[in-house]
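A.B. asks: Structure in structure tokens, see below.
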Amino acid sequence: MLKSIPCTLMRGGTSKGPYFHAADLPADPDERDRVLLAVMGSPHARQIDGIGGGDTLTSKVVIVNTSSRPGIDIEYLFAQVSVETSTVDTTPNCGNMLSGVGPFALENGLVPAVDPVTTLRILNLNTAKVVEAVIQTPGGKVRYEGNARIDGVPGSGAPIVLNFLDAAGAKTGRLFPTGQRSDLIDGIEVSCLDFSTPLVFVAAAALGKTGYESKRELDADDGLKSRLESIRLQVALMAGLGDVRDKVLPKIALVAPPQHDGVVASRYFTPWNCHSAYAVTGALCLAAAASMPGTVVHRLARFNPGDPTLVTIEQPAGKLDIRMQAAATSTAADPVFVSAGLVRTARRLFRGVVHVPLLDHGRAA
């Protein structure tokens, strides 16, 4: 027998996956995760018996609900579904998939839309942080068509502005989880920041790389990946995150001076392979690190004096712009960021029901 669950498949930024209303999924986390594994077709390298795309960027799930919290319109939980193991990880957040949360909520009547734009305050349950989303809704209807372009996605779409509010210490409670702006690990200087997500930064040159390599080149370098994983595991212990051998946080990234007119170049790992673009949460953390004196990233960054709040990241898919806003009481040596914003696009791909097998006396597998 099969259970049919309402579902909307959406592209959010450079990622893709199903969006669900929380009321349509089991409330019990273990039962919910079994359903999500069945929906995506995991574990299987091709996810052939589900709607997953056989890649970490297309094996993501978003669960959306209304909120009774003051000042919050929508709550959402992000789930990274493993492709090849029976694992559902709700530890990280995904800023790309977040870009579809507002449109999903509006189109499914969870919150009302207004003309010409709708601004929603969205609580991410993974990090307990709030994001402001500004969505184009002319005539009270979500618009997906537009002229905004983001690298890594063909064509263009309506701009969706995401402003991450008070993003420092999202998972660890501290902007610098190790207590230092830089640390020495295996003889290599690194910086660990937690801004929207915890991330470890390493100068590419310190590991014999340029920082401009392709994803394919980096994925083929087992020696490099082994060194990065050793650094990641050690920093995680120092940051109070424990043994993270089977966890995706913290992520790790190589950084280098920009090749073109950007502020910094980087290659982001997920964490065991190079990302084909750059995760939004990772980009926010990189932008914060670039803006903080004393970090590995800051020493390599090349800011435009005429626009010092704009951090343009050169990454495998092209460029990604992050706008950092510091509090008026901040100093250049110790900025306190009140928001970090960027533009994404999203598109609804289909709306319908997804069928999952029922096992164990009626419970979804």
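Please note that chains go A, B, ... in the order of the structure tokens, that every chain numbers its residues from 1, and that ligands are numbered from 1 in the order shown.
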As a list in words, list the residues of stretch 266-347 of chain A assigned to alpha helix (DSSP H) by DSSP on the backbone atoms of this structure.
C.D. replies: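 These are the residues in question: Val280, Thr281, Gly282, Ala283, Leu284, Cys285, Leu286, Ala287, Ala288, Ala289, Ala290, Val296, Val297, His298, Arg299 and Leu300 of chain A.
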A.B. asks: Find the spatial neighbours of stretch 211-218 of chain A, counting only C-alpha atoms, within a cut-off of 7 Å - ignore same-chain residues fewer than 6 positions away - and output them as an NGL selection string.
C.D. replies: :A and (204 or 254-256 or 265-267 or 274-276 or 316)
A.B. asks: Given only C-alpha atoms, how would the per-residue table for stretch 266-317 of chain A near stretch 257-262 of chain A read, listing every residue at most 9 Å away with its closest atom pair and distance in Å to one decimal, sorted by chain and number, as CSV?
C.D. replies:
residue,atom,partner,partner_atom,distance
A:Ser266,CA,A:Pro257,CA,8.5
A:Val297,CA,A:Pro257,CA,8.7
A:Arg299,CA,A:Pro257,CA,8.7
A:Leu300,CA,A:Pro257,CA,4.9
A:Ala301,CA,A:Pro257,CA,5.9
A:Arg302,CA,A:Pro257,CA,7.0
A:Phe303,CA,A:Gly262,CA,8.0
A:Asn304,CA,A:Gly262,CA,8.6
A:Val311,CA,A:Gly262,CA,7.5
A:Thr312,CA,A:Gly262,CA,4.8
A:Ile313,CA,A:Gly262,CA,5.9
A:Glu314,CA,A:Gly262,CA,6.1
A.B. asks: Using the selection just defined, write its residues with N, CA and C atoms as a compact mmCIF listing (two decimals), in the first residue's frame.
C.D. replies:
# COMPACT_ATOMS: atom_id res chain seq x y z
N SER A 266 36.89 31.52 -3.26
CA SER A 266 36.75 30.42 -2.31
C SER A 266 36.21 29.17 -2.96
N VAL A 297 40.76 34.90 6.26
CA VAL A 297 40.04 35.44 5.10
C VAL A 297 40.30 36.93 4.94
N ARG A 299 42.83 38.75 5.62
CA ARG A 299 44.15 39.06 5.06
C ARG A 299 44.20 38.86 3.54
N LEU A 300 43.33 38.02 3.01
CA LEU A 300 43.32 37.74 1.57
C LEU A 300 42.31 38.58 0.82
N ALA A 301 41.36 39.20 1.54
CA ALA A 301 40.27 39.94 0.91
C ALA A 301 40.76 41.25 0.30
N ARG A 302 40.11 41.64 -0.78
CA ARG A 302 40.44 42.89 -1.47
C ARG A 302 39.14 43.69 -1.63
N PHE A 303 38.81 44.50 -0.63
CA PHE A 303 37.57 45.25 -0.63
C PHE A 303 37.63 46.45 -1.57
N ASN A 304 36.46 46.82 -2.09
CA ASN A 304 36.33 48.04 -2.87
C ASN A 304 36.13 49.20 -1.89
N VAL A 311 30.44 42.25 -0.23
CA VAL A 311 31.44 41.17 -0.34
C VAL A 311 31.04 40.31 -1.54
N THR A 312 31.82 40.40 -2.61
CA THR A 312 31.59 39.60 -3.81
C THR A 312 32.51 38.39 -3.77
N ILE A 313 31.91 37.21 -3.76
CA ILE A 313 32.66 35.95 -3.64
C ILE A 313 32.81 35.33 -5.02
N GLU A 314 34.04 35.04 -5.40
CA GLU A 314 34.30 34.31 -6.64
C GLU A 314 34.32 32.83 -6.31
A.B. asks: Give me the residues of stretch 295-358 of chain A that have any atom at most 10 Å from an atom of stretch 137-156 of chain A; for each, the nearest atom pair and the distance in Å, rounded to one decimal. Use only C-alpha atoms, sort by chain and number, and format it as a Markdown table.
C.D. replies:
| residue | atom | partner | partner_atom | distance |
| --- | --- | --- | --- | --- |
| A:Gln315 | CA | A:Asp151 | CA | 9.3 |
| A:Pro316 | CA | A:Gly152 | CA | 8.6 |
| A:Ala317 | CA | A:Gly152 | CA | 5.0 |
| A:Gly318 | CA | A:Asp151 | CA | 5.4 |
| A:Lys319 | CA | A:Asp151 | CA | 6.2 |
| A:Leu320 | CA | A:Asp151 | CA | 7.2 |
| A:Asp321 | CA | A:Ile150 | CA | 9.5 |
| A:Val343 | CA | A:Ile150 | CA | 8.0 |
| A:Arg344 | CA | A:Ile150 | CA | 6.7 |
| A:Thr345 | CA | A:Ala148 | CA | 7.2 |
| A:Ala346 | CA | A:Tyr144 | CA | 6.8 |
| A:Arg347 | CA | A:Tyr144 | CA | 5.9 |
| A:Arg348 | CA | A:Tyr144 | CA | 8.0 |
A.B. asks: Give me the stretch 239-334 of chain A side of the contact with stretch 65-84 of chain A, cut-off 12 Å, one line per residue showing its nearest atom pair and distance in Å at one decimal, counting only C-alpha atoms, sorted by chain and residue number, as a Markdown table.
C.D. replies:
| residue | atom | partner | partner_atom | distance |
| --- | --- | --- | --- | --- |
| A:Asp246 | CA | A:Ser82 | CA | 11.1 |
| A:Lys247 | CA | A:Gln80 | CA | 10.8 |
| A:Val248 | CA | A:Gln80 | CA | 9.4 |
| A:Leu249 | CA | A:Gln80 | CA | 11.7 |
| A:Thr270 | CA | A:Gln80 | CA | 11.1 |
A.B. asks: Select, from A:Pro357, A:Gly102, A:Pro29, A:Gly179, the residue with the minimum atom-to-atom distance to A:Gly240, counting only C-alpha atoms.
C.D. replies: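 Closest to A:Gly240 of all the choices is A:Gly179.
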A.B. asks: Within 7 Å of A:Thr295, counting only C-alpha atoms, which residues qualify if same-chain residues fewer than 5 places away don't, as a list in words?
C.D. replies: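 In the requested format, the answer is Arg181, Ser182, Ser191 and Ala289 of chain A.
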A.B. asks: Taking N, CA and C atoms for each residue, export the selection above as a PDB file, in the first residue's frame.
C.D. replies:
ATOM      1  N   ARG A 181      40.519  34.315  16.681  1.00  0.00           N
ATOM      2  CA  ARG A 181      40.237  34.669  15.286  1.00  0.00           C
ATOM      3  C   ARG A 181      41.059  33.822  14.319  1.00  0.00           C
ATOM      4  N   SER A 182      42.092  33.194  14.826  1.00  0.00           N
ATOM      5  CA  SER A 182      42.840  32.220  14.036  1.00  0.00           C
ATOM      6  C   SER A 182      43.479  31.212  14.972  1.00  0.00           C
ATOM      7  N   SER A 191      40.873  29.785  10.415  1.00  0.00           N
ATOM      8  CA  SER A 191      39.919  30.594  11.176  1.00  0.00           C
ATOM      9  C   SER A 191      38.572  29.888  11.170  1.00  0.00           C
ATOM     10  N   ALA A 289      33.668  36.630   7.792  1.00  0.00           N
ATOM     11  CA  ALA A 289      35.101  36.397   8.047  1.00  0.00           C
ATOM     12  C   ALA A 289      35.961  37.388   7.285  1.00  0.00           C
TER      13      ALA A 289
END
